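With compact mmCIF, N, CA and C atoms inside, this is protein-v6.txt:
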```
# COMPACT_ATOMS: atom_id res chain seq x y z
N MET A 274 4.85 -3.09 13.80
CA MET A 274 4.44 -2.06 12.88
C MET A 274 2.93 -2.08 12.75
N LYS A 275 2.31 -0.91 12.77
CA LYS A 275 0.88 -0.78 12.51
C LYS A 275 0.71 -0.38 11.05
N ILE A 276 -0.04 -1.19 10.32
CA ILE A 276 -0.24 -0.97 8.89
C ILE A 276 -1.73 -0.71 8.64
N ALA A 277 -2.02 0.38 7.95
CA ALA A 277 -3.40 0.73 7.63
C ALA A 277 -3.73 0.35 6.20
N VAL A 278 -4.96 -0.07 5.99
CA VAL A 278 -5.54 -0.22 4.66
C VAL A 278 -6.64 0.83 4.59
N ILE A 279 -6.55 1.69 3.59
CA ILE A 279 -7.56 2.73 3.40
C ILE A 279 -7.57 3.13 1.94
N GLN A 280 -8.74 3.38 1.40
CA GLN A 280 -8.81 3.74 -0.01
C GLN A 280 -10.05 4.57 -0.30
N ALA A 281 -10.02 5.24 -1.44
CA ALA A 281 -11.17 6.02 -1.90
C ALA A 281 -12.23 5.08 -2.45
N SER A 282 -13.31 5.66 -2.93
CA SER A 282 -14.49 4.89 -3.31
C SER A 282 -14.40 4.18 -4.66
N SER A 283 -13.47 4.59 -5.50
CA SER A 283 -13.47 4.09 -6.88
C SER A 283 -13.32 2.58 -7.00
N GLN A 284 -12.64 1.95 -6.08
CA GLN A 284 -12.43 0.50 -6.13
C GLN A 284 -12.75 -0.16 -4.79
N LYS A 285 -13.87 0.25 -4.19
CA LYS A 285 -14.19 -0.25 -2.86
C LYS A 285 -14.39 -1.75 -2.80
N ASP A 286 -14.71 -2.38 -3.93
CA ASP A 286 -14.87 -3.83 -3.92
C ASP A 286 -13.54 -4.56 -3.74
N LYS A 287 -12.41 -3.85 -3.81
CA LYS A 287 -11.09 -4.47 -3.63
C LYS A 287 -10.57 -4.34 -2.19
N ASN A 288 -11.33 -3.68 -1.32
CA ASN A 288 -10.87 -3.47 0.05
C ASN A 288 -10.60 -4.78 0.78
N SER A 289 -11.51 -5.73 0.68
CA SER A 289 -11.31 -6.99 1.39
C SER A 289 -10.12 -7.77 0.84
N LEU A 290 -9.86 -7.66 -0.46
CA LEU A 290 -8.67 -8.30 -1.05
C LEU A 290 -7.41 -7.72 -0.43
N LEU A 291 -7.33 -6.38 -0.37
CA LEU A 291 -6.14 -5.75 0.23
C LEU A 291 -5.98 -6.15 1.69
N TYR A 292 -7.06 -6.03 2.45
CA TYR A 292 -6.99 -6.32 3.89
C TYR A 292 -6.66 -7.79 4.16
N ASP A 293 -7.41 -8.70 3.55
CA ASP A 293 -7.20 -10.13 3.81
C ASP A 293 -5.80 -10.58 3.38
N SER A 294 -5.35 -10.09 2.23
CA SER A 294 -4.01 -10.46 1.74
C SER A 294 -2.94 -9.94 2.69
N LEU A 295 -3.09 -8.71 3.12
CA LEU A 295 -2.10 -8.09 4.01
C LEU A 295 -2.05 -8.80 5.36
N VAL A 296 -3.20 -9.10 5.92
CA VAL A 296 -3.23 -9.81 7.22
C VAL A 296 -2.52 -11.15 7.09
N GLU A 297 -2.80 -11.89 6.04
CA GLU A 297 -2.19 -13.20 5.84
C GLU A 297 -0.67 -13.11 5.74
N ILE A 298 -0.19 -12.06 5.08
CA ILE A 298 1.25 -11.93 4.84
C ILE A 298 2.01 -11.42 6.07
N VAL A 299 1.44 -10.48 6.79
CA VAL A 299 2.22 -9.84 7.87
C VAL A 299 1.91 -10.38 9.27
N LYS A 300 0.89 -11.20 9.43
CA LYS A 300 0.57 -11.68 10.78
C LYS A 300 1.71 -12.49 11.38
N LYS A 301 2.41 -13.26 10.55
CA LYS A 301 3.52 -14.08 11.05
C LYS A 301 4.74 -13.22 11.39
N LYS A 302 4.74 -11.97 10.97
CA LYS A 302 5.84 -11.05 11.28
C LYS A 302 5.53 -10.19 12.50
N GLY A 303 4.34 -10.36 13.07
CA GLY A 303 3.97 -9.63 14.26
C GLY A 303 3.42 -8.23 14.02
N HIS A 304 3.07 -7.90 12.78
CA HIS A 304 2.52 -6.59 12.47
C HIS A 304 1.01 -6.58 12.68
N GLU A 305 0.49 -5.41 12.99
CA GLU A 305 -0.95 -5.22 13.16
C GLU A 305 -1.50 -4.53 11.92
N VAL A 306 -2.65 -4.99 11.44
CA VAL A 306 -3.29 -4.39 10.27
C VAL A 306 -4.64 -3.82 10.70
N ILE A 307 -4.88 -2.56 10.34
CA ILE A 307 -6.13 -1.88 10.67
C ILE A 307 -6.81 -1.50 9.36
N ASN A 308 -8.05 -1.92 9.20
CA ASN A 308 -8.80 -1.62 7.98
C ASN A 308 -9.69 -0.41 8.21
N PHE A 309 -9.36 0.71 7.56
CA PHE A 309 -10.15 1.93 7.66
C PHE A 309 -11.18 2.04 6.54
N GLY A 310 -11.26 1.04 5.65
CA GLY A 310 -12.24 1.06 4.57
C GLY A 310 -11.70 1.78 3.35
N ILE A 311 -12.49 2.01 2.47
CA ILE A 311 -13.92 2.04 2.39
C ILE A 311 -14.44 0.61 2.22
N PHE A 312 -15.54 0.35 2.87
CA PHE A 312 -16.11 -0.98 2.82
C PHE A 312 -17.19 -1.05 1.75
N GLU A 313 -17.40 -2.22 1.21
CA GLU A 313 -18.34 -2.40 0.08
C GLU A 313 -19.75 -1.92 0.39
N ASP A 314 -20.19 -2.06 1.63
CA ASP A 314 -21.57 -1.68 1.96
C ASP A 314 -21.74 -0.21 2.32
N GLU A 315 -20.67 0.58 2.27
CA GLU A 315 -20.78 2.01 2.57
C GLU A 315 -21.38 2.75 1.38
N ASP A 316 -22.29 3.65 1.67
CA ASP A 316 -22.93 4.45 0.63
C ASP A 316 -22.21 5.76 0.36
N VAL A 317 -21.43 6.21 1.31
CA VAL A 317 -20.74 7.49 1.17
C VAL A 317 -19.63 7.37 0.12
N GLU A 318 -19.30 8.46 -0.53
CA GLU A 318 -18.25 8.48 -1.54
C GLU A 318 -17.08 9.32 -1.02
N TYR A 319 -15.87 8.76 -1.05
CA TYR A 319 -14.66 9.47 -0.62
C TYR A 319 -13.76 9.70 -1.84
N SER A 320 -13.27 10.92 -1.97
CA SER A 320 -12.37 11.25 -3.07
C SER A 320 -10.93 10.90 -2.70
N TYR A 321 -10.05 10.95 -3.69
CA TYR A 321 -8.62 10.73 -3.45
C TYR A 321 -8.09 11.75 -2.45
N VAL A 322 -8.50 13.00 -2.63
CA VAL A 322 -7.99 14.08 -1.77
C VAL A 322 -8.41 13.85 -0.32
N GLU A 323 -9.66 13.47 -0.10
CA GLU A 323 -10.12 13.22 1.27
C GLU A 323 -9.33 12.07 1.91
N ILE A 324 -9.14 11.00 1.18
CA ILE A 324 -8.41 9.85 1.73
C ILE A 324 -6.94 10.20 1.92
N ALA A 325 -6.35 10.93 0.98
CA ALA A 325 -4.95 11.34 1.13
C ALA A 325 -4.77 12.20 2.39
N MET A 326 -5.72 13.07 2.66
CA MET A 326 -5.64 13.87 3.89
C MET A 326 -5.69 12.98 5.12
N LEU A 327 -6.55 11.98 5.10
CA LEU A 327 -6.62 11.04 6.23
C LEU A 327 -5.31 10.26 6.37
N ILE A 328 -4.73 9.86 5.25
CA ILE A 328 -3.46 9.14 5.28
C ILE A 328 -2.38 10.02 5.89
N SER A 329 -2.33 11.28 5.50
CA SER A 329 -1.36 12.22 6.06
C SER A 329 -1.54 12.37 7.57
N ILE A 330 -2.78 12.46 8.01
CA ILE A 330 -3.06 12.58 9.44
C ILE A 330 -2.65 11.30 10.18
N LEU A 331 -3.00 10.15 9.63
CA LEU A 331 -2.65 8.88 10.28
C LEU A 331 -1.13 8.72 10.42
N LEU A 332 -0.40 9.05 9.35
CA LEU A 332 1.07 8.90 9.40
C LEU A 332 1.71 10.00 10.22
N GLY A 333 1.26 11.23 10.05
CA GLY A 333 1.84 12.36 10.78
C GLY A 333 1.64 12.26 12.28
N SER A 334 0.52 11.72 12.69
CA SER A 334 0.23 11.57 14.13
C SER A 334 0.86 10.31 14.71
N LYS A 335 1.45 9.49 13.84
CA LYS A 335 2.05 8.23 14.23
C LYS A 335 1.02 7.21 14.73
N ALA A 336 -0.24 7.40 14.32
CA ALA A 336 -1.28 6.42 14.63
C ALA A 336 -1.00 5.11 13.91
N VAL A 337 -0.40 5.22 12.72
CA VAL A 337 0.04 4.05 11.97
C VAL A 337 1.44 4.32 11.44
N ASP A 338 2.13 3.25 11.07
CA ASP A 338 3.50 3.36 10.55
C ASP A 338 3.57 3.26 9.04
N PHE A 339 2.56 2.62 8.45
CA PHE A 339 2.58 2.38 7.01
C PHE A 339 1.15 2.30 6.50
N VAL A 340 0.94 2.70 5.24
CA VAL A 340 -0.40 2.68 4.65
C VAL A 340 -0.36 1.97 3.31
N VAL A 341 -1.33 1.07 3.10
CA VAL A 341 -1.56 0.43 1.81
C VAL A 341 -2.87 1.02 1.28
N THR A 342 -2.78 1.62 0.09
CA THR A 342 -3.94 2.25 -0.52
C THR A 342 -3.93 1.94 -2.00
N GLY A 343 -4.87 2.51 -2.72
CA GLY A 343 -4.93 2.32 -4.15
C GLY A 343 -6.15 2.99 -4.73
N CYS A 344 -6.23 2.97 -6.03
CA CYS A 344 -7.37 3.50 -6.77
C CYS A 344 -7.41 2.80 -8.11
N SER A 345 -8.22 3.27 -9.01
CA SER A 345 -8.35 2.59 -10.31
C SER A 345 -7.02 2.44 -11.02
N SER A 346 -6.27 3.54 -11.15
CA SER A 346 -4.97 3.46 -11.83
C SER A 346 -3.81 3.38 -10.85
N GLY A 347 -4.03 3.76 -9.60
CA GLY A 347 -2.96 3.84 -8.60
C GLY A 347 -2.27 5.19 -8.62
N GLN A 348 -2.32 5.88 -9.74
CA GLN A 348 -1.61 7.15 -9.91
C GLN A 348 -2.26 8.29 -9.12
N GLY A 349 -3.57 8.41 -9.20
CA GLY A 349 -4.26 9.52 -8.53
C GLY A 349 -4.03 9.52 -7.03
N MET A 350 -4.14 8.37 -6.42
CA MET A 350 -3.94 8.29 -4.97
C MET A 350 -2.49 8.57 -4.61
N MET A 351 -1.56 8.05 -5.40
CA MET A 351 -0.14 8.29 -5.14
C MET A 351 0.16 9.79 -5.23
N LEU A 352 -0.33 10.45 -6.25
CA LEU A 352 -0.09 11.89 -6.40
C LEU A 352 -0.74 12.69 -5.29
N ALA A 353 -1.97 12.35 -4.93
CA ALA A 353 -2.65 13.06 -3.85
C ALA A 353 -1.90 12.89 -2.53
N CYS A 354 -1.44 11.69 -2.25
CA CYS A 354 -0.69 11.44 -1.01
C CYS A 354 0.62 12.21 -0.98
N ASN A 355 1.34 12.22 -2.08
CA ASN A 355 2.65 12.87 -2.11
C ASN A 355 2.56 14.39 -2.08
N SER A 356 1.37 14.94 -2.22
CA SER A 356 1.21 16.39 -2.13
C SER A 356 1.02 16.85 -0.68
N LEU A 357 0.97 15.92 0.25
CA LEU A 357 0.69 16.24 1.65
C LEU A 357 1.87 15.90 2.55
N PRO A 358 1.95 16.57 3.70
CA PRO A 358 3.07 16.30 4.62
C PRO A 358 3.00 14.90 5.23
N SER A 359 4.14 14.41 5.60
CA SER A 359 4.31 13.14 6.33
C SER A 359 4.14 11.90 5.47
N VAL A 360 3.94 12.06 4.15
CA VAL A 360 3.68 10.90 3.31
C VAL A 360 4.72 10.80 2.19
N LEU A 361 5.33 9.62 2.07
CA LEU A 361 6.15 9.28 0.91
C LEU A 361 5.54 8.02 0.32
N CYS A 362 4.72 8.23 -0.72
CA CYS A 362 3.92 7.15 -1.30
C CYS A 362 4.49 6.74 -2.64
N GLY A 363 4.68 5.44 -2.81
CA GLY A 363 5.15 4.90 -4.07
C GLY A 363 4.04 4.28 -4.87
N TYR A 364 4.13 4.41 -6.19
CA TYR A 364 3.23 3.73 -7.11
C TYR A 364 3.79 2.33 -7.32
N ILE A 365 3.05 1.33 -6.92
CA ILE A 365 3.55 -0.05 -6.92
C ILE A 365 2.67 -0.91 -7.79
N GLU A 366 3.23 -1.32 -8.92
CA GLU A 366 2.49 -2.10 -9.90
C GLU A 366 2.81 -3.60 -9.85
N ASN A 367 4.01 -3.95 -9.36
CA ASN A 367 4.43 -5.35 -9.39
C ASN A 367 5.35 -5.64 -8.21
N PRO A 368 5.66 -6.92 -7.97
CA PRO A 368 6.50 -7.28 -6.82
C PRO A 368 7.88 -6.63 -6.83
N SER A 369 8.48 -6.45 -8.01
CA SER A 369 9.80 -5.80 -8.07
C SER A 369 9.72 -4.36 -7.58
N ASP A 370 8.68 -3.64 -8.02
CA ASP A 370 8.47 -2.26 -7.53
C ASP A 370 8.38 -2.25 -6.01
N ALA A 371 7.61 -3.18 -5.47
CA ALA A 371 7.38 -3.23 -4.03
C ALA A 371 8.68 -3.47 -3.27
N TYR A 372 9.44 -4.45 -3.72
CA TYR A 372 10.68 -4.79 -3.04
C TYR A 372 11.66 -3.61 -3.08
N LEU A 373 11.84 -3.02 -4.25
CA LEU A 373 12.79 -1.92 -4.40
C LEU A 373 12.32 -0.67 -3.66
N PHE A 374 11.02 -0.38 -3.68
CA PHE A 374 10.50 0.78 -2.95
C PHE A 374 10.81 0.68 -1.47
N GLY A 375 10.56 -0.48 -0.90
CA GLY A 375 10.83 -0.67 0.53
C GLY A 375 12.31 -0.58 0.88
N ARG A 376 13.15 -1.17 0.06
CA ARG A 376 14.58 -1.21 0.37
C ARG A 376 15.28 0.10 0.05
N ILE A 377 14.94 0.72 -1.08
CA ILE A 377 15.67 1.91 -1.53
C ILE A 377 14.97 3.20 -1.10
N ASN A 378 13.67 3.31 -1.36
CA ASN A 378 12.97 4.57 -1.10
C ASN A 378 12.50 4.73 0.33
N ASN A 379 12.34 3.62 1.05
CA ASN A 379 12.00 3.65 2.47
C ASN A 379 10.78 4.52 2.75
N GLY A 380 9.76 4.42 1.90
CA GLY A 380 8.56 5.23 2.08
C GLY A 380 7.65 4.67 3.15
N ASN A 381 6.51 5.34 3.33
CA ASN A 381 5.57 4.92 4.36
C ASN A 381 4.16 4.66 3.82
N ALA A 382 4.02 4.64 2.50
CA ALA A 382 2.72 4.34 1.89
C ALA A 382 2.94 3.82 0.47
N ILE A 383 2.02 2.96 0.04
CA ILE A 383 2.04 2.52 -1.36
C ILE A 383 0.64 2.66 -1.93
N SER A 384 0.59 2.92 -3.23
CA SER A 384 -0.66 2.97 -3.96
C SER A 384 -0.60 1.92 -5.07
N ILE A 385 -1.59 1.05 -5.08
CA ILE A 385 -1.65 -0.07 -6.02
C ILE A 385 -2.76 0.20 -7.05
N PRO A 386 -2.49 -0.06 -8.34
CA PRO A 386 -3.57 0.04 -9.32
C PRO A 386 -4.56 -1.10 -9.13
N LEU A 387 -5.81 -0.75 -8.84
CA LEU A 387 -6.82 -1.76 -8.53
C LEU A 387 -7.89 -1.90 -9.62
N GLY A 388 -7.73 -1.16 -10.69
CA GLY A 388 -8.65 -1.27 -11.81
C GLY A 388 -7.92 -1.46 -13.12
N LEU A 389 -6.91 -0.64 -13.35
CA LEU A 389 -6.14 -0.69 -14.58
C LEU A 389 -5.42 -2.02 -14.71
N ASN A 390 -5.66 -2.72 -15.80
CA ASN A 390 -5.05 -4.03 -16.06
C ASN A 390 -5.36 -5.06 -14.97
N PHE A 391 -6.46 -4.90 -14.26
CA PHE A 391 -6.84 -5.82 -13.20
C PHE A 391 -7.63 -6.95 -13.82
N GLY A 392 -6.97 -8.08 -14.05
CA GLY A 392 -7.58 -9.20 -14.74
C GLY A 392 -7.75 -10.43 -13.88
N TRP A 393 -7.79 -11.58 -14.53
CA TRP A 393 -8.12 -12.83 -13.85
C TRP A 393 -7.10 -13.29 -12.83
N ASP A 394 -5.87 -12.82 -12.88
CA ASP A 394 -4.86 -13.23 -11.89
C ASP A 394 -4.37 -12.08 -11.02
N SER A 395 -5.06 -10.97 -11.07
CA SER A 395 -4.56 -9.77 -10.38
C SER A 395 -4.53 -9.91 -8.86
N GLU A 396 -5.41 -10.72 -8.29
CA GLU A 396 -5.34 -10.91 -6.84
C GLU A 396 -4.02 -11.58 -6.46
N ILE A 397 -3.48 -12.41 -7.33
CA ILE A 397 -2.17 -13.03 -7.08
C ILE A 397 -1.08 -11.97 -7.12
N ASN A 398 -1.17 -11.05 -8.07
CA ASN A 398 -0.20 -9.96 -8.15
C ASN A 398 -0.24 -9.11 -6.89
N VAL A 399 -1.44 -8.77 -6.40
CA VAL A 399 -1.56 -7.98 -5.18
C VAL A 399 -0.91 -8.71 -4.01
N GLN A 400 -1.17 -9.99 -3.89
CA GLN A 400 -0.57 -10.78 -2.80
C GLN A 400 0.94 -10.80 -2.91
N CYS A 401 1.47 -10.97 -4.12
CA CYS A 401 2.93 -11.00 -4.32
C CYS A 401 3.55 -9.63 -4.06
N VAL A 402 2.86 -8.57 -4.44
CA VAL A 402 3.33 -7.21 -4.16
C VAL A 402 3.48 -7.01 -2.66
N LEU A 403 2.46 -7.37 -1.90
CA LEU A 403 2.50 -7.18 -0.45
C LEU A 403 3.54 -8.08 0.20
N GLU A 404 3.67 -9.29 -0.31
CA GLU A 404 4.68 -10.21 0.22
C GLU A 404 6.10 -9.66 0.04
N LYS A 405 6.40 -9.15 -1.16
CA LYS A 405 7.75 -8.63 -1.43
C LYS A 405 8.00 -7.32 -0.70
N LEU A 406 6.95 -6.51 -0.53
CA LEU A 406 7.11 -5.24 0.19
C LEU A 406 7.57 -5.49 1.62
N PHE A 407 6.98 -6.46 2.27
CA PHE A 407 7.29 -6.73 3.68
C PHE A 407 8.27 -7.88 3.86
N ASP A 408 9.05 -8.16 2.83
CA ASP A 408 10.05 -9.22 2.86
C ASP A 408 11.40 -8.65 3.30
N GLY A 409 11.48 -8.30 4.57
CA GLY A 409 12.73 -7.76 5.10
C GLY A 409 12.60 -6.31 5.51
N PRO A 410 13.66 -5.77 6.10
CA PRO A 410 13.63 -4.40 6.61
C PRO A 410 13.62 -3.36 5.50
N PHE A 411 13.04 -2.21 5.81
CA PHE A 411 12.99 -1.08 4.89
C PHE A 411 14.28 -0.27 4.99
N GLY A 412 14.59 0.44 3.93
CA GLY A 412 15.67 1.42 3.94
C GLY A 412 17.07 0.87 4.01
N ILE A 413 17.28 -0.36 3.58
CA ILE A 413 18.62 -0.95 3.67
C ILE A 413 19.41 -0.82 2.37
N GLY A 414 18.78 -0.27 1.34
CA GLY A 414 19.45 -0.14 0.06
C GLY A 414 19.42 -1.44 -0.73
N TYR A 415 19.72 -1.33 -2.01
CA TYR A 415 19.77 -2.50 -2.89
C TYR A 415 20.43 -2.07 -4.18
N PRO A 416 21.29 -2.87 -4.76
CA PRO A 416 21.88 -4.09 -4.23
C PRO A 416 22.85 -3.80 -3.08
N LYS A 417 23.27 -4.85 -2.43
CA LYS A 417 24.07 -4.71 -1.21
C LYS A 417 25.31 -3.83 -1.43
N GLN A 418 26.00 -3.98 -2.55
CA GLN A 418 27.20 -3.21 -2.78
C GLN A 418 26.93 -1.72 -2.98
N ASP A 419 25.68 -1.35 -3.27
CA ASP A 419 25.30 0.05 -3.45
C ASP A 419 24.47 0.59 -2.29
N SER A 420 24.32 -0.18 -1.22
CA SER A 420 23.38 0.18 -0.17
C SER A 420 23.74 1.50 0.52
N ILE A 421 25.01 1.79 0.71
CA ILE A 421 25.38 3.05 1.37
C ILE A 421 24.97 4.23 0.51
N ARG A 422 25.24 4.16 -0.78
CA ARG A 422 24.88 5.25 -1.69
C ARG A 422 23.36 5.41 -1.79
N LYS A 423 22.64 4.31 -1.78
CA LYS A 423 21.19 4.37 -1.93
C LYS A 423 20.48 4.59 -0.62
```
Just dump the structure as structure tokens.
Amino acid sequence: MKIAVIQASSQKDKNSLLYDSLVEIVKKKGHEVINFGIFEDEDVEYSYVEIAMLISILLGSKAVDFVVTGCSSGQGMMLACNSLPSVLCGYIENPSDAYLFGRINNGNAISIPLGLNFGWDSEINVQCVLEKLFDGPFGIGYPKQDSIRK
């Protein structure tokens, strides 16, 4: 699986956290991670809409299979992504959200809140979110007895 990290300018200082955490978690599973930025040293400003359009293009063209993104609240990026074709983006605040989104909703993008309630242990939450998201196959349903219905 090719997984992209890409985000708007509002929380560009969190890009390396997303990328480094994701690489650490998925490298043992054989997935490739591509960092599209925004990088801390970039002076240009990208809006949610601009990045959501890029996410739609990346997924629609099959250049990548999955996208990890975010913004200050996580909501703006999720809404912008879901307004475009080829994207099913979930708002993922905690590891339970991540696990259930992957198993039940089988989406192809997540948006993480990178400013709202981002405190002294939030990097651990981001790591746990990514770990649970990629902890097994997508779209298998949950719980097991309800998997066909879900």
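The gap separating CA of Gly303 (chain A) from CA of Ser369 (chain A) is 23.4 Å, in Å to one decimal.
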May I have a table of the residues of region 364-408 of chain A lying at most 5 Å from region 335-340 of chain A, giving each one's closest pair of atoms and their distance in Å to one decimal, counting only N, CA and C atoms, ordered by chain and ascending residue number, as CSV?
```
residue,atom,partner,partner_atom,distance
A:Asn381,C,A:Val340,N,4.0
A:Ala382,CA,A:Val340,N,4.1
A:Ile383,N,A:Val340,C,4.2
```
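Going from CA of Pro416 (chain A) over to CA of Cys362 (chain A), you cover 21.4 Å.
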TODO: Counting only C-alpha atoms, write as a ChimeraX atom specification all protein and nucleic acid residues lying at most 12 Å from (3.4, -1.6, 9.6) in the file's frame.
DONE: /A:274-278,295-296,298-300,302-307,332,335-341,375,380-383,403,406-407,410-411
Written selection (N, CA and C atoms) as a compact mmCIF listing (two decimals), in the frame of the given file:
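See part_16.txt below for the written result:
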```txt
# COMPACT_ATOMS: atom_id res chain seq x y z
N MET A 274 4.85 -3.09 13.80
CA MET A 274 4.44 -2.06 12.88
C MET A 274 2.93 -2.08 12.75
N LYS A 275 2.31 -0.91 12.77
CA LYS A 275 0.88 -0.78 12.51
C LYS A 275 0.71 -0.38 11.05
N ILE A 276 -0.04 -1.19 10.32
CA ILE A 276 -0.24 -0.97 8.89
C ILE A 276 -1.73 -0.71 8.64
N ALA A 277 -2.02 0.38 7.95
CA ALA A 277 -3.40 0.73 7.63
C ALA A 277 -3.73 0.35 6.20
N VAL A 278 -4.96 -0.07 5.99
CA VAL A 278 -5.54 -0.22 4.66
C VAL A 278 -6.64 0.83 4.59
N LEU A 295 -3.09 -8.71 3.12
CA LEU A 295 -2.10 -8.09 4.01
C LEU A 295 -2.05 -8.80 5.36
N VAL A 296 -3.20 -9.10 5.92
CA VAL A 296 -3.23 -9.81 7.22
C VAL A 296 -2.52 -11.15 7.09
N ILE A 298 -0.19 -12.06 5.08
CA ILE A 298 1.25 -11.93 4.84
C ILE A 298 2.01 -11.42 6.07
N VAL A 299 1.44 -10.48 6.79
CA VAL A 299 2.22 -9.84 7.87
C VAL A 299 1.91 -10.38 9.27
N LYS A 300 0.89 -11.20 9.43
CA LYS A 300 0.57 -11.68 10.78
C LYS A 300 1.71 -12.49 11.38
N LYS A 302 4.74 -11.97 10.97
CA LYS A 302 5.84 -11.05 11.28
C LYS A 302 5.53 -10.19 12.50
N GLY A 303 4.34 -10.36 13.07
CA GLY A 303 3.97 -9.63 14.26
C GLY A 303 3.42 -8.23 14.02
N HIS A 304 3.07 -7.90 12.78
CA HIS A 304 2.52 -6.59 12.47
C HIS A 304 1.01 -6.58 12.68
N GLU A 305 0.49 -5.41 12.99
CA GLU A 305 -0.95 -5.22 13.16
C GLU A 305 -1.50 -4.53 11.92
N VAL A 306 -2.65 -4.99 11.44
CA VAL A 306 -3.29 -4.39 10.27
C VAL A 306 -4.64 -3.82 10.70
N ILE A 307 -4.88 -2.56 10.34
CA ILE A 307 -6.13 -1.88 10.67
C ILE A 307 -6.81 -1.50 9.36
N LEU A 332 -0.40 9.05 9.35
CA LEU A 332 1.07 8.90 9.40
C LEU A 332 1.71 10.00 10.22
N LYS A 335 1.45 9.49 13.84
CA LYS A 335 2.05 8.23 14.23
C LYS A 335 1.02 7.21 14.73
N ALA A 336 -0.24 7.40 14.32
CA ALA A 336 -1.28 6.42 14.63
C ALA A 336 -1.00 5.11 13.91
N VAL A 337 -0.40 5.22 12.72
CA VAL A 337 0.04 4.05 11.97
C VAL A 337 1.44 4.32 11.44
N ASP A 338 2.13 3.25 11.07
CA ASP A 338 3.50 3.36 10.55
C ASP A 338 3.57 3.26 9.04
N PHE A 339 2.56 2.62 8.45
CA PHE A 339 2.58 2.38 7.01
C PHE A 339 1.15 2.30 6.50
N VAL A 340 0.94 2.70 5.24
CA VAL A 340 -0.40 2.68 4.65
C VAL A 340 -0.36 1.97 3.31
N VAL A 341 -1.33 1.07 3.10
CA VAL A 341 -1.56 0.43 1.81
C VAL A 341 -2.87 1.02 1.28
N GLY A 375 10.56 -0.48 -0.90
CA GLY A 375 10.83 -0.67 0.53
C GLY A 375 12.31 -0.58 0.88
N GLY A 380 9.76 4.42 1.90
CA GLY A 380 8.56 5.23 2.08
C GLY A 380 7.65 4.67 3.15
N ASN A 381 6.51 5.34 3.33
CA ASN A 381 5.57 4.92 4.36
C ASN A 381 4.16 4.66 3.82
N ALA A 382 4.02 4.64 2.50
CA ALA A 382 2.72 4.34 1.89
C ALA A 382 2.94 3.82 0.47
N ILE A 383 2.02 2.96 0.04
CA ILE A 383 2.04 2.52 -1.36
C ILE A 383 0.64 2.66 -1.93
N LEU A 403 2.46 -7.37 -1.90
CA LEU A 403 2.50 -7.18 -0.45
C LEU A 403 3.54 -8.08 0.20
N LEU A 406 6.95 -6.51 -0.53
CA LEU A 406 7.11 -5.24 0.19
C LEU A 406 7.57 -5.49 1.62
N PHE A 407 6.98 -6.46 2.27
CA PHE A 407 7.29 -6.73 3.68
C PHE A 407 8.27 -7.88 3.86
N PRO A 410 13.66 -5.77 6.10
CA PRO A 410 13.63 -4.40 6.61
C PRO A 410 13.62 -3.36 5.50
N PHE A 411 13.04 -2.21 5.81
CA PHE A 411 12.99 -1.08 4.89
C PHE A 411 14.28 -0.27 4.99
```
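Among the candidate residues A:Val360, A:Asp419, A:Asp408, A:Pro386, the one lying nearest to Ile328 (chain A) is A:Val360, with distances computed using all atoms listed in the file.
With only C-alpha atoms as the atoms that count, the residue of A:Ser384, A:Ser294, A:Gln284, A:Asn367 with the shortest distance to Gly347 (chain A) is A:Ser384.
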Give me region 362-372 of chain A from this structure - N, CA and C atoms, as a PDB file, in the first residue's frame.
```
ATOM      1  N   CYS A 362     -13.104  10.252   3.740  1.00  0.00           N
ATOM      2  CA  CYS A 362     -12.208  10.670   4.814  1.00  0.00           C
ATOM      3  C   CYS A 362     -12.935  10.637   6.143  1.00  0.00           C
ATOM      4  N   GLY A 363     -12.314  10.008   7.127  1.00  0.00           N
ATOM      5  CA  GLY A 363     -12.864   9.958   8.470  1.00  0.00           C
ATOM      6  C   GLY A 363     -12.165  10.920   9.395  1.00  0.00           C
ATOM      7  N   TYR A 364     -12.933  11.486  10.322  1.00  0.00           N
ATOM      8  CA  TYR A 364     -12.386  12.312  11.391  1.00  0.00           C
ATOM      9  C   TYR A 364     -11.943  11.356  12.490  1.00  0.00           C
ATOM     10  N   ILE A 365     -10.663  11.330  12.778  1.00  0.00           N
ATOM     11  CA  ILE A 365     -10.105  10.342  13.700  1.00  0.00           C
ATOM     12  C   ILE A 365      -9.432  11.051  14.860  1.00  0.00           C
ATOM     13  N   GLU A 366     -10.057  10.927  16.020  1.00  0.00           N
ATOM     14  CA  GLU A 366      -9.570  11.608  17.215  1.00  0.00           C
ATOM     15  C   GLU A 366      -8.803  10.689  18.165  1.00  0.00           C
ATOM     16  N   ASN A 367      -9.087   9.384  18.110  1.00  0.00           N
ATOM     17  CA  ASN A 367      -8.474   8.458  19.070  1.00  0.00           C
ATOM     18  C   ASN A 367      -8.297   7.086  18.425  1.00  0.00           C
ATOM     19  N   PRO A 368      -7.568   6.185  19.089  1.00  0.00           N
ATOM     20  CA  PRO A 368      -7.305   4.862  18.514  1.00  0.00           C
ATOM     21  C   PRO A 368      -8.572   4.055  18.205  1.00  0.00           C
ATOM     22  N   SER A 369      -9.608   4.181  19.029  1.00  0.00           N
ATOM     23  CA  SER A 369     -10.860   3.456  18.751  1.00  0.00           C
ATOM     24  C   SER A 369     -11.484   3.924  17.448  1.00  0.00           C
ATOM     25  N   ASP A 370     -11.513   5.245  17.236  1.00  0.00           N
ATOM     26  CA  ASP A 370     -12.020   5.793  15.969  1.00  0.00           C
ATOM     27  C   ASP A 370     -11.251   5.199  14.795  1.00  0.00           C
ATOM     28  N   ALA A 371      -9.932   5.160  14.922  1.00  0.00           N
ATOM     29  CA  ALA A 371      -9.083   4.677  13.839  1.00  0.00           C
ATOM     30  C   ALA A 371      -9.366   3.213  13.520  1.00  0.00           C
ATOM     31  N   TYR A 372      -9.423   2.398  14.548  1.00  0.00           N
ATOM     32  CA  TYR A 372      -9.658   0.973  14.344  1.00  0.00           C
ATOM     33  C   TYR A 372     -11.016   0.732  13.686  1.00  0.00           C
TER      34      TYR A 372
END
```
